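Text of the file my_file-v4.cif, holding mmCIF, C-alpha atoms:
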```
data_entry
#
loop_
_atom_site.group_PDB
_atom_site.id
_atom_site.type_symbol
_atom_site.label_atom_id
_atom_site.label_comp_id
_atom_site.auth_asym_id
_atom_site.auth_seq_id
_atom_site.Cartn_x
_atom_site.Cartn_y
_atom_site.Cartn_z
ATOM 1 C CA MET A 1 28.276 54.887 -16.597
ATOM 2 C CA ASN A 2 25.699 52.462 -17.970
ATOM 3 C CA ALA A 3 24.044 53.254 -21.280
ATOM 4 C CA HIS A 4 20.424 54.353 -20.897
ATOM 5 C CA HIS A 5 17.593 52.324 -22.347
ATOM 6 C CA PRO A 6 16.657 53.721 -25.814
ATOM 7 C CA MET A 7 13.204 54.681 -24.480
ATOM 8 C CA HIS A 8 14.678 56.772 -21.643
ATOM 9 C CA PRO A 9 15.183 60.016 -23.639
ATOM 10 C CA LEU A 10 11.584 59.763 -24.924
ATOM 11 C CA LEU A 11 10.302 59.252 -21.380
ATOM 12 C CA ALA A 12 12.310 62.309 -20.282
ATOM 13 C CA ARG A 13 10.857 64.408 -23.140
ATOM 14 C CA ALA A 14 7.294 63.294 -22.367
ATOM 15 C CA ALA A 15 7.858 64.246 -18.710
ATOM 16 C CA SER A 16 9.148 67.649 -19.788
ATOM 17 C CA VAL A 17 6.033 68.171 -21.960
ATOM 18 C CA ALA A 18 3.798 67.268 -18.984
ATOM 19 C CA ALA A 19 5.701 69.611 -16.642
ATOM 20 C CA GLY A 20 5.154 72.406 -19.181
ATOM 21 C CA VAL A 21 1.416 71.738 -19.291
ATOM 22 C CA ALA A 22 1.225 71.808 -15.476
ATOM 23 C CA ALA A 23 3.261 75.029 -15.281
ATOM 24 C CA ALA A 24 0.723 76.726 -17.577
ATOM 25 C CA VAL A 25 -2.340 75.881 -15.439
ATOM 26 C CA PRO A 26 -3.405 79.343 -14.181
ATOM 27 C CA ALA A 27 -3.172 79.894 -10.423
ATOM 28 C CA GLY A 28 -6.612 80.468 -8.958
ATOM 29 C CA LEU A 29 -8.373 78.675 -11.814
ATOM 30 C CA PRO A 30 -11.430 76.833 -10.407
ATOM 31 C CA LEU A 31 -10.748 73.122 -10.864
ATOM 32 C CA ASP A 32 -14.351 71.917 -10.723
ATOM 33 C CA GLY A 33 -14.958 72.233 -14.472
ATOM 34 C CA PRO A 34 -15.426 69.404 -16.981
ATOM 35 C CA THR A 35 -12.557 67.650 -18.758
ATOM 36 C CA PRO A 36 -12.255 65.414 -21.820
ATOM 37 C CA CYS A 37 -12.349 62.511 -19.297
ATOM 38 C CA ALA A 38 -16.044 62.425 -18.390
ATOM 39 C CA GLU A 39 -15.443 60.724 -15.039
ATOM 40 C CA PHE A 40 -13.050 63.458 -13.825
ATOM 41 C CA ASP A 41 -13.441 67.159 -13.098
ATOM 42 C CA ALA A 42 -10.206 69.162 -13.538
ATOM 43 C CA ARG A 43 -9.078 68.605 -9.930
ATOM 44 C CA ALA A 44 -9.600 64.820 -10.073
ATOM 45 C CA LEU A 45 -7.898 64.648 -13.491
ATOM 46 C CA ILE A 46 -4.856 66.628 -12.332
ATOM 47 C CA ASN A 47 -4.578 64.540 -9.158
ATOM 48 C CA HIS A 48 -4.790 61.288 -11.166
ATOM 49 C CA TRP A 49 -2.195 62.599 -13.650
ATOM 50 C CA VAL A 50 0.220 63.818 -10.958
ATOM 51 C CA LEU A 51 -0.124 60.627 -8.913
ATOM 52 C CA TYR A 52 0.426 58.093 -11.684
ATOM 53 C CA THR A 53 2.792 59.925 -14.037
ATOM 54 C CA SER A 54 5.240 61.215 -11.425
ATOM 55 C CA HIS A 55 4.935 59.255 -8.171
ATOM 56 C CA GLY A 56 3.661 56.121 -9.932
ATOM 57 C CA LEU A 57 6.400 56.436 -12.548
ATOM 58 C CA GLU A 58 9.113 56.479 -9.863
ATOM 59 C CA HIS A 59 7.504 53.730 -7.768
ATOM 60 C CA ARG A 60 7.182 51.443 -10.817
ATOM 61 C CA ALA A 61 10.896 51.872 -11.612
ATOM 62 C CA ARG A 62 11.790 51.028 -7.994
ATOM 63 C CA ARG A 63 9.183 48.178 -7.819
ATOM 64 C CA VAL A 64 7.467 49.561 -4.707
ATOM 65 C CA ASP A 65 3.755 50.155 -4.120
ATOM 66 C CA LEU A 66 2.284 53.636 -3.952
ATOM 67 C CA PRO A 67 1.515 54.442 -0.312
ATOM 68 C CA GLY A 68 -2.134 55.078 0.607
ATOM 69 C CA GLU A 69 -1.460 58.665 1.712
ATOM 70 C CA LEU A 70 -0.224 59.538 -1.792
ATOM 71 C CA ILE A 71 -3.233 57.866 -3.432
ATOM 72 C CA ALA A 72 -5.609 59.862 -1.188
ATOM 73 C CA ARG A 73 -3.775 63.177 -1.552
ATOM 74 C CA ASP A 74 -5.187 66.302 -3.222
ATOM 75 C CA PHE A 75 -2.015 67.585 -4.874
ATOM 76 C CA THR A 76 -3.854 70.645 -6.200
ATOM 77 C CA ALA A 77 -4.479 71.821 -2.616
ATOM 78 C CA ASP A 78 -0.808 72.876 -2.469
ATOM 79 C CA ALA A 79 -0.163 76.265 -4.056
ATOM 80 C CA ASP A 80 3.158 74.950 -5.424
ATOM 81 C CA TRP A 81 1.763 71.708 -6.895
ATOM 82 C CA ARG A 82 3.065 72.603 -10.382
ATOM 83 C CA GLU A 83 6.669 72.967 -9.175
ATOM 84 C CA ALA A 84 6.334 69.891 -6.940
ATOM 85 C CA TYR A 85 5.072 67.887 -9.940
ATOM 86 C CA ALA A 86 8.017 69.021 -12.109
ATOM 87 C CA ALA A 87 10.481 68.067 -9.345
ATOM 88 C CA GLN A 88 8.815 64.666 -8.832
ATOM 89 C CA LEU A 89 8.894 64.046 -12.596
ATOM 90 C CA GLU A 90 12.664 64.668 -12.517
ATOM 91 C CA ARG A 91 13.060 62.126 -9.689
ATOM 92 C CA ALA A 92 10.908 59.624 -11.599
ATOM 93 C CA VAL A 93 12.862 60.028 -14.851
ATOM 94 C CA ALA A 94 16.107 59.663 -12.849
ATOM 95 C CA ALA A 95 14.809 56.378 -11.371
ATOM 96 C CA TRP A 96 14.450 55.033 -14.935
ATOM 97 C CA GLU A 97 18.087 55.958 -15.751
ATOM 98 C CA ASP A 98 19.069 52.627 -14.203
ATOM 99 C CA PRO A 99 18.992 50.034 -17.026
ATOM 100 C CA ALA A 100 17.739 47.481 -14.456
ATOM 101 C CA ALA A 101 14.469 49.467 -14.159
ATOM 102 C CA TRP A 102 13.665 48.437 -17.749
ATOM 103 C CA GLU A 103 14.295 44.739 -17.174
ATOM 104 C CA GLY A 104 11.859 42.073 -16.051
ATOM 105 C CA ASP A 105 8.331 42.661 -14.852
ATOM 106 C CA VAL A 106 6.486 45.152 -12.669
ATOM 107 C CA ASP A 107 3.693 43.862 -10.448
ATOM 108 C CA LEU A 108 0.417 45.467 -11.529
ATOM 109 C CA GLY A 109 -2.057 44.539 -8.819
ATOM 110 C CA GLY A 110 -1.015 40.897 -8.768
ATOM 111 C CA SER A 111 -0.319 40.588 -12.512
ATOM 112 C CA PRO A 112 3.262 40.775 -13.785
ATOM 113 C CA PHE A 113 3.674 43.223 -16.649
ATOM 114 C CA PRO A 114 6.896 43.897 -18.632
ATOM 115 C CA ALA A 115 8.676 47.004 -17.315
ATOM 116 C CA VAL A 116 9.159 48.398 -20.851
ATOM 117 C CA GLY A 117 5.391 48.098 -21.443
ATOM 118 C CA ILE A 118 4.706 49.969 -18.187
ATOM 119 C CA ALA A 119 7.107 52.750 -19.176
ATOM 120 C CA ARG A 120 5.441 52.996 -22.592
ATOM 121 C CA MET A 121 1.983 53.250 -21.012
ATOM 122 C CA LEU A 122 3.243 55.961 -18.666
ATOM 123 C CA VAL A 123 4.650 57.946 -21.609
ATOM 124 C CA LEU A 124 1.131 57.747 -23.034
ATOM 125 C CA GLU A 125 -0.417 58.863 -19.702
ATOM 126 C CA LEU A 126 1.967 61.833 -19.550
ATOM 127 C CA LEU A 127 0.972 62.955 -23.048
ATOM 128 C CA LEU A 128 -2.730 62.034 -23.335
ATOM 129 C CA HIS A 129 -3.652 63.253 -19.862
ATOM 130 C CA GLY A 130 -1.367 66.225 -20.523
ATOM 131 C CA TRP A 131 -3.622 67.039 -23.480
ATOM 132 C CA ASP A 132 -6.708 66.476 -21.293
ATOM 133 C CA VAL A 133 -5.358 68.851 -18.612
ATOM 134 C CA ALA A 134 -4.403 71.475 -21.223
ATOM 135 C CA ARG A 135 -7.895 71.240 -22.753
ATOM 136 C CA ALA A 136 -9.603 71.498 -19.358
ATOM 137 C CA THR A 137 -7.551 74.496 -18.216
ATOM 138 C CA GLY A 138 -7.277 76.547 -21.399
ATOM 139 C CA GLY A 139 -3.660 75.581 -22.031
ATOM 140 C CA ARG A 140 -1.708 74.082 -24.914
ATOM 141 C CA ILE A 141 0.499 71.031 -25.315
ATOM 142 C CA GLU A 142 3.427 70.842 -27.715
ATOM 143 C CA VAL A 143 4.300 67.259 -28.705
ATOM 144 C CA ASP A 144 7.185 66.723 -31.148
ATOM 145 C CA GLU A 145 6.821 64.387 -34.125
ATOM 146 C CA GLU A 146 8.839 61.507 -32.630
ATOM 147 C CA LEU A 147 6.785 61.548 -29.407
ATOM 148 C CA ALA A 148 3.562 61.855 -31.420
ATOM 149 C CA LEU A 149 4.451 58.798 -33.518
ATOM 150 C CA LEU A 150 5.390 56.867 -30.363
ATOM 151 C CA ALA A 151 2.077 57.857 -28.734
ATOM 152 C CA GLY A 152 0.201 56.643 -31.819
ATOM 153 C CA GLU A 153 2.083 53.345 -31.707
ATOM 154 C CA ILE A 154 1.317 52.824 -27.989
ATOM 155 C CA VAL A 155 -2.361 53.757 -28.487
ATOM 156 C CA ALA A 156 -2.604 51.169 -31.296
ATOM 157 C CA GLU A 157 -0.957 48.503 -29.110
ATOM 158 C CA ASN A 158 -3.290 49.080 -26.147
ATOM 159 C CA ALA A 159 -6.510 50.503 -27.613
ATOM 160 C CA GLU A 160 -8.518 47.296 -27.414
ATOM 161 C CA LEU A 161 -7.572 46.656 -23.779
ATOM 162 C CA PHE A 162 -8.104 50.305 -22.775
ATOM 163 C CA ARG A 163 -11.551 50.394 -24.436
ATOM 164 C CA GLN A 164 -12.507 47.209 -22.560
ATOM 165 C CA TYR A 165 -11.784 48.997 -19.258
ATOM 166 C CA GLY A 166 -13.295 52.338 -20.277
ATOM 167 C CA GLY A 167 -9.907 54.067 -20.596
ATOM 168 C CA PHE A 168 -10.486 55.018 -24.241
ATOM 169 C CA ALA A 169 -13.645 55.970 -26.093
ATOM 170 C CA ASP A 170 -14.285 54.889 -29.692
ATOM 171 C CA PRO A 171 -11.853 56.353 -32.229
ATOM 172 C CA VAL A 172 -12.685 59.751 -33.727
ATOM 173 C CA ALA A 173 -12.673 60.155 -37.539
ATOM 174 C CA LEU A 174 -10.151 62.675 -38.866
ATOM 175 C CA LEU A 175 -9.157 64.155 -42.210
ATOM 176 C CA ASP A 176 -6.167 62.597 -43.984
ATOM 177 C CA THR A 177 -4.246 65.819 -43.353
ATOM 178 C CA ALA A 178 -4.274 65.255 -39.560
ATOM 179 C CA SER A 179 -0.890 65.344 -37.827
ATOM 180 C CA ALA A 180 0.621 62.298 -36.101
ATOM 181 C CA TRP A 181 -0.371 63.806 -32.734
ATOM 182 C CA GLU A 182 -3.969 64.418 -33.859
ATOM 183 C CA ARG A 183 -4.128 60.820 -35.106
ATOM 184 C CA ALA A 184 -2.841 59.495 -31.762
ATOM 185 C CA LEU A 185 -5.447 61.557 -29.901
ATOM 186 C CA ALA A 186 -8.249 60.464 -32.239
ATOM 187 C CA ALA A 187 -7.291 56.784 -31.965
ATOM 188 C CA SER A 188 -7.591 57.108 -28.163
ATOM 189 C CA GLY A 189 -11.129 58.473 -28.537
ATOM 190 C CA ARG A 190 -10.184 62.133 -28.069
ATOM 191 C CA ASP A 191 -11.334 64.764 -30.561
ATOM 192 C CA PRO A 192 -8.341 66.991 -31.364
ATOM 193 C CA ARG A 193 -10.620 69.578 -32.986
#
```

Take the structure I supplied and represent it as structure tokens, if you would.
Amino acid sequence: MNAHHPMHPLLARAASVAAGVAAAVPAGLPLDGPTPCAEFDARALINHWVLYTSHGLEHRARRVDLPGELIARDFTADADWREAYAAQLERAVAAWEDPAAWEGDVDLGGSPFPAVGIARMLVLELLLHGWDVARATGGRIEVDEELALLAGEIVAENAELFRQYGGFADPVALLDTASAWERALAASGRDPR
């Protein structure tokens, strides 16, 4: 048995946090309401989150492109989308168990990007969009201290690039007593209050 990459357990925990957020989205909740991501209503946000953090996560590990039918799919149209998301997250995390998944580059639309950097960005997507989904659907997200510190680190690494492409808003000012998770959210332009 090969030893897992040191980031693998953190990826698995972030996936578990995201699955918990999805499981708490109330059945029958209208998904046309606003979200912390101005360009998405709840349905579009959930579909983006499910696509990239579960299917995208697995496809990146395997170095294969996402098929068009997945990109076009409305996952929320399936009554069991929450369970399907949790199952797909498990498959995605399993794909990253292979140490080779962490080596070399992943093709990002014609640009090679280090696999570890991709995995780190997907941990961030799981958690930040998890918070967005929880906020939009009246839920909660529980992020442990180690994951919160990692999220803050990844936000700091990528904030400039993400702001350039409209992925993050300007940072939000917080009190010094803010938790590591609140600081990570605020640095990404989200207001944890």

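If you apply the PyMOL selection byres ((chain A and resi 90) around 12) to this structure, you end up with Leu11, Ala12, Arg13, Ala14, Ala15, Ser16, Ala18, Ala19, Thr53, Ser54, His55, Leu57, Glu58, Glu83, Ala84, Tyr85, Ala86, Ala87, Gln88, Leu89, Arg91, Ala92, Val93, Ala94, Ala95, Trp96 and Glu97 of chain A.
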
Could you please determine the separation between atom CA of A:His48 and atom CA of A:Gly110 in Å, to one decimal place? 20.9 Å

Point (-0.4, 62.6, -36.5) neighbourhood (12 Å, all atoms listed in the file) written as an MDAnalysis selection string: chainID A and resid 143:153 174:187 192

Can you write just those residues out, C-alpha atoms, as a short mmCIF file (atom, residue, chain, number, x, y, z; two decimals), in the frame of the given file?
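And here is the file that came out, part-v4.cif:
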```
data_model
loop_
_atom_site.label_atom_id
_atom_site.label_comp_id
_atom_site.auth_asym_id
_atom_site.auth_seq_id
_atom_site.Cartn_x
_atom_site.Cartn_y
_atom_site.Cartn_z
CA VAL A 143 4.30 67.26 -28.70
CA ASP A 144 7.18 66.72 -31.15
CA GLU A 145 6.82 64.39 -34.12
CA GLU A 146 8.84 61.51 -32.63
CA LEU A 147 6.78 61.55 -29.41
CA ALA A 148 3.56 61.86 -31.42
CA LEU A 149 4.45 58.80 -33.52
CA LEU A 150 5.39 56.87 -30.36
CA ALA A 151 2.08 57.86 -28.73
CA GLY A 152 0.20 56.64 -31.82
CA GLU A 153 2.08 53.34 -31.71
CA LEU A 174 -10.15 62.68 -38.87
CA LEU A 175 -9.16 64.16 -42.21
CA ASP A 176 -6.17 62.60 -43.98
CA THR A 177 -4.25 65.82 -43.35
CA ALA A 178 -4.27 65.26 -39.56
CA SER A 179 -0.89 65.34 -37.83
CA ALA A 180 0.62 62.30 -36.10
CA TRP A 181 -0.37 63.81 -32.73
CA GLU A 182 -3.97 64.42 -33.86
CA ARG A 183 -4.13 60.82 -35.11
CA ALA A 184 -2.84 59.50 -31.76
CA LEU A 185 -5.45 61.56 -29.90
CA ALA A 186 -8.25 60.46 -32.24
CA ALA A 187 -7.29 56.78 -31.96
CA PRO A 192 -8.34 66.99 -31.36
#
```

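A straight line drawn from atom CA of A:Phe40 to atom CA of A:Val133 is 10.5 Å long.
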
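For stretch 134-141 of chain A, the residues within 9 Å (counting only C-alpha atoms, excluding itself and residues fewer than 3 positions away along the chain) are Val17, Ala18, Gly20, Val21, Ala22, Ala24, Val25, Pro26, Leu29, Leu31, Gly33, Pro34, Thr35, Pro36, Asp41, Ala42, Leu127, His129, Gly130 and Trp131 of chain A.
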
To one decimal in Å, tell me the separation between atom CA of A:Asp132 and atom CA of A:Leu45. 8.1 Å

Within 10 Å of A:Thr76, counting all atoms listed in the file, which residues qualify if same-chain residues fewer than 2 places away don't, as a short mmCIF file (atom, residue, chain, number, x, y, z; two decimals) with C-alpha atoms, in the coordinates of the input?
```cif
data_model
loop_
_atom_site.label_atom_id
_atom_site.label_comp_id
_atom_site.auth_asym_id
_atom_site.auth_seq_id
_atom_site.Cartn_x
_atom_site.Cartn_y
_atom_site.Cartn_z
CA LEU A 31 -10.75 73.12 -10.86
CA ALA A 42 -10.21 69.16 -13.54
CA ARG A 43 -9.08 68.60 -9.93
CA ALA A 44 -9.60 64.82 -10.07
CA ILE A 46 -4.86 66.63 -12.33
CA ASN A 47 -4.58 64.54 -9.16
CA VAL A 50 0.22 63.82 -10.96
CA ARG A 73 -3.78 63.18 -1.55
CA ASP A 74 -5.19 66.30 -3.22
CA ASP A 78 -0.81 72.88 -2.47
CA ALA A 79 -0.16 76.26 -4.06
CA ASP A 80 3.16 74.95 -5.42
CA TRP A 81 1.76 71.71 -6.90
CA ARG A 82 3.06 72.60 -10.38
#
```

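Among the candidate residues A:Arg63, A:Ile71, A:Leu10, A:Trp49, the one lying nearest to A:Ala100 is A:Arg63, with distances computed using only C-alpha atoms.
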
If I wrap all listed atoms of stretch 127-137 of chain A in a box with edges along x, y and z and add 3 Å on each side, what are its centre and edge lengths in Å to one decimal, as AutoDock Vina command-line options?
```
--center_x -4.3 --center_y 68.3 --center_z -20.8 --size_x 16.6 --size_y 18.5 --size_z 11.3
```

Which residue, A:Leu161, A:Ala156, A:Ala77, A:Leu66, has the smallest gap to A:Gly109 when you use all atoms listed in the file? A:Leu66

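Residues matching the PyMOL selection byres ((chain A and resi 171) around 9) in this structure come to Phe168, Ala169, Asp170, Val172, Ala173, Leu185, Ala186, Ala187, Ser188, Gly189, Arg190 and Asp191 of chain A.
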
Shortest interatomic distance to A:Gly166 - which of A:Glu39, A:Gly28, A:Glu142, A:Pro112, counting only C-alpha atoms: A:Glu39

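Residues selected in this file by the PyMOL selection byres ((chain A and resi 107) around 10) comprise Arg60, Arg63, Val64, Asp65, Asp105, Val106, Leu108, Gly109, Gly110, Ser111, Pro112, Phe113, Pro114, Ala115 and Ile118 of chain A.
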